[in-house]
Structure formats: C-alpha cells, structure tokens
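Shown next, in structure tokens, is the structure this report addresses.
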Amino acid sequence: MKFVAFERAKQGTGASRRLRNTGRTPGIVYGGSGEPQLIELDHNALFFALKKEAFHSSILEMELAGKSEQVLLRDYQMHPFKPLVLHIDFQRVDANRRIHMKVPLHFQNGENSPAVKLSAAIISHVLTEVDVSCLPKDLPEFIAVDLGELTLNDSIHVSDLKLPAGVTAVTHGGFDPVVASAVIPKVIVEEEPVEAPAAEGEAEAGAPVEEGAAETAEKAAGEKGAEKAPEKAAEKGGERSGGKKEEKK
C-alpha cells in the first residue's frame with residue numbers, strides 16, 4: 001500500500017492543534033539509518049486507510065519529499081469520542097533486518113468441520129492475531145487457519161499453524177497458546193421452586209381464614225361479655241342495698 005506524507009516543521013501542542021484544524025494529522029517516522037522526522041498526512045485519506053486490515057500488518061510505501069521508502073505502522077492515537085486521528089507513528093524498514101509484527105488470523109472451513117457438522121459444537125476463536133518474526137520481504141498480509149479437520153474438544157495451537165517460508169511465530173515463556181477450540185456450550189437451566197402441598201383442613205387462601213377466625217373470636221368474646229354483664233350488675237346492686245340497710249340500723 002502507498003500513501004503520501006509531507007514534511008512538518010513546527011511541533012508542540014499548539015502547532016499540532018492548528019494542524020488538525022486544517023485537516024492534517026501530525027506524525028513521525030523513525031528507525032533505520034535516518035534521523036526521526038516530523039511528518040503530516042491528509043486526515044481523511046489516513047482515516048479511511050486505517051480501516052483496511054493490510055494498512056496495519058503490511059509493508060507500506062511512504063512517499064515523502066519526492067522519495068519513496070518502506071515503513072511499518074507502529075502506533076496511532078484516536079480522539080476519545082470523535083472520528084479524529086490525533087497522531088500517527090511509522091518505523092522505517094531495513095530490508096536486511098528481521099522485524100516483529102502482529103499478523104491477523106483468517107479462519108476458514110469452520111462450518112465444515114466434524115465438530116460443527118457432527119457434534120453441533122461452537123468453535124471459539126481464542127486468538128485473532130499472532131506475533132511473527134521475519135524479513136520485511138517475507139511478511140504475510142495474514143495467516144490462514146484451516147478449521148476443516150477440527151473435532152469436538154480439540155484445539156489448534158500456534159505450533160499447528162502453517163506459516164509461510166521465512167516466517168516464525170514468536171511465543172513467550174515456552175508456551176504454545178491455543179488459537180481455536182471446539183466445545184459444546186453448557187446450558188444452565190433454572191428449576192422452578194416446588195410448592196409444598198397444603199395440610200388437610202387448611203384453607204388455600206390465608207387472608208379470608210384469618211378474617212373469619214377474627215370475626216368468630218370477636219363474636220364469642222361479645223357473648224361472654226353479655227353473659228357476665230347481668231351478673232356483675234346484680235352483685236353491685238346487692239352490695240349497694242346491703243350497705244344502705246346497715247346504715248339505717
């Protein structure tokens with residue numbers, strides 16, 4: 001891929017802000033045998049170039065001041081919420097020195113694998129890119145991962161990848177990371193609580209029974225009170241009459 005860059009003389013926060021206001025993006029190119037150089041690019045062209053996968057993982061041809069040189073995209077910063085590229089970094093490429101790059105993985109034939117067709121499994125893509133080391137001329141745009149032979153509960157590791165000639169995978173700590181695996185997802189079923197059967201003679205609804213019991217209790221209490229009322233009145237009458245007779249004597 002090719003793109004055009006322009007030399008940039010001014011640097012600093014204020015200069016970069018004014019540059020962005022004119023539709024340009026500040027950047028820098030470094031590495032190789034040359035000194036770091038400030039550059040600027042057309043923002044709209046850069047913004048759409050960043051949407052292409054190859055722009056992130058391929059050797060790029062940068063045209064600067066009438067000269068062409070090979071570079072790699074190393075970093076870029078985006079605005080937190082605006083579709084705006086704030087800054088971009090490129091590294092010059094030395095044709096005789098190996099480079100380290102992250103190359104995207106393209107998964108193929110997953111729907112034809114025994115894991116999917118025979119076991120109704122789901123293939124999980126654990127990695128989407130892999131770190132490789134190679135000379136610039138051998139850098140692949142992507143690495144194909146064939147899932148056609150994947151069986152249930154089986155996995156593909158980095159060591160299983162078919163890499164182009166001159167390309168080696170870079171792993172750390174002696175690990176062999178999993179690239180993809182085929183598993184059957186576990187389905188968790190929530191059981192509904194079972195209600196205990198009601199006891200004999202017990203009403204289904206609690207509220208009406210309680211109200212009926214309360215009315216019965218109130219009625220019984222009222223009848224008892226009515227029975228005791230004449231007795232208490234008679235006793236009080238007898239006490240009063242007896243007291244008056246004694247006073248007369």
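Ordered as shown in the structure tokens, chains take letters A, B, and onward, while each chain numbers its residues from 1 and ligands are numbered from 1 in the order shown.
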
Taking a cut-off of 10 Å and counting only C-alpha atoms, can you build a table that, for each residue of segment 115-157 of chain A near segment 93-105 of chain A, reports the nearest atom pair and how far apart they are in Å (one decimal), sorted by chain then residue number, as CSV?
```
residue,atom,partner,partner_atom,distance
A:His125,CA,A:Leu105,CA,9.6
A:Leu127,CA,A:Leu105,CA,7.8
A:Thr128,CA,A:Leu105,CA,5.4
A:Glu129,CA,A:Pro104,CA,4.1
A:Val130,CA,A:Lys102,CA,5.4
A:Asp131,CA,A:Lys102,CA,4.3
A:Val132,CA,A:Met101,CA,5.6
A:Ser133,CA,A:His100,CA,4.6
A:Cys134,CA,A:Arg98,CA,5.0
A:Leu135,CA,A:Arg98,CA,4.3
A:Pro136,CA,A:Ala95,CA,5.8
A:Lys137,CA,A:Ala95,CA,7.2
A:Asp138,CA,A:Arg98,CA,9.5
A:Leu139,CA,A:Met101,CA,8.3
A:Pro140,CA,A:Val103,CA,7.3
A:Glu141,CA,A:Val103,CA,6.8
A:Phe142,CA,A:Pro104,CA,5.1
A:Ile143,CA,A:Leu105,CA,5.0
A:Ala144,CA,A:Leu105,CA,5.9
A:Val145,CA,A:Leu105,CA,6.7
```

Any chance you could export the current selection's N, CA and C atoms as a compact mmCIF listing (two decimals), in the first residue's frame?
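And here is the file that came out, out.txt:
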```txt
# COMPACT_ATOMS: atom_id res chain seq x y z
N HIS A 125 -12.75 -18.69 18.71
CA HIS A 125 -11.50 -18.10 18.20
C HIS A 125 -10.80 -17.41 19.38
N LEU A 127 -7.50 -16.59 19.66
CA LEU A 127 -6.60 -15.54 19.18
C LEU A 127 -7.11 -15.01 17.84
N THR A 128 -6.91 -13.73 17.61
CA THR A 128 -7.27 -13.12 16.33
C THR A 128 -6.04 -12.66 15.55
N GLU A 129 -4.87 -12.69 16.20
CA GLU A 129 -3.62 -12.32 15.55
C GLU A 129 -2.48 -13.04 16.26
N VAL A 130 -1.36 -13.14 15.57
CA VAL A 130 -0.20 -13.83 16.12
C VAL A 130 1.05 -13.01 15.83
N ASP A 131 1.99 -13.01 16.77
CA ASP A 131 3.23 -12.27 16.63
C ASP A 131 4.23 -13.11 15.86
N VAL A 132 4.80 -12.55 14.80
CA VAL A 132 5.74 -13.29 13.96
C VAL A 132 7.04 -12.50 13.80
N SER A 133 8.07 -13.22 13.39
CA SER A 133 9.37 -12.62 13.11
C SER A 133 9.80 -13.06 11.71
N CYS A 134 10.23 -12.10 10.89
CA CYS A 134 10.65 -12.41 9.52
C CYS A 134 11.34 -11.20 8.91
N LEU A 135 11.90 -11.39 7.74
CA LEU A 135 12.43 -10.27 6.97
C LEU A 135 11.26 -9.50 6.35
N PRO A 136 11.44 -8.22 6.08
CA PRO A 136 10.33 -7.44 5.52
C PRO A 136 9.72 -8.03 4.25
N LYS A 137 10.53 -8.63 3.40
CA LYS A 137 10.00 -9.17 2.15
C LYS A 137 9.13 -10.41 2.36
N ASP A 138 9.29 -11.07 3.52
CA ASP A 138 8.53 -12.28 3.80
C ASP A 138 7.29 -12.03 4.65
N LEU A 139 7.03 -10.81 5.04
CA LEU A 139 5.91 -10.52 5.94
C LEU A 139 4.58 -10.81 5.23
N PRO A 140 3.77 -11.74 5.77
CA PRO A 140 2.48 -12.03 5.13
C PRO A 140 1.42 -11.01 5.55
N GLU A 141 0.44 -10.83 4.68
CA GLU A 141 -0.66 -9.92 4.99
C GLU A 141 -1.56 -10.52 6.05
N PHE A 142 -1.72 -11.85 6.03
CA PHE A 142 -2.49 -12.56 7.04
C PHE A 142 -2.03 -14.02 7.03
N ILE A 143 -2.48 -14.78 8.04
CA ILE A 143 -2.18 -16.20 8.14
C ILE A 143 -3.50 -16.96 8.17
N ALA A 144 -3.65 -17.90 7.26
CA ALA A 144 -4.89 -18.68 7.17
C ALA A 144 -4.86 -19.82 8.19
N VAL A 145 -6.00 -20.03 8.85
CA VAL A 145 -6.15 -21.11 9.82
C VAL A 145 -7.27 -22.02 9.32
```

Might you pull out every residue within 10 Å of His43 of chain A, with only C-alpha atoms counted and same-chain residues fewer than 3 positions away left off, and present them as a PyMOL selection string?
chain A and resi 20+22-26+40+46-49+84-87

Just list as an MDAnalysis selection string whatever in segment 18-116 of chain A DSSP marks as helix (DSSP H, G or I).
chainID A and resid 18:21 43:49 53:57 110:112 114:116

Quick one: residues within 8 Å of segment 179-184 of chain A, only C-alpha atoms counted, chain neighbours fewer than 6 positions away excluded, as JSON, numbers by chain?
{"A": [115, 119, 120, 121, 122, 123, 124, 125, 126, 127, 128, 150, 151, 152, 153, 154, 155, 156, 157, 158]}

Return the single residue from A:Arg17, A:Lys82, A:Lys2, A:Phe55 that is closest to Ser68 of chain A, with distances computed using only C-alpha atoms.
A:Lys2

Mind checking which residues fall within 10 Å of Ala45 of chain A, counting only C-alpha atoms, ignoring those fewer than 5 positions away in the same chain, and posting them as a ChimeraX atom specification?
/A:3-4,24,50
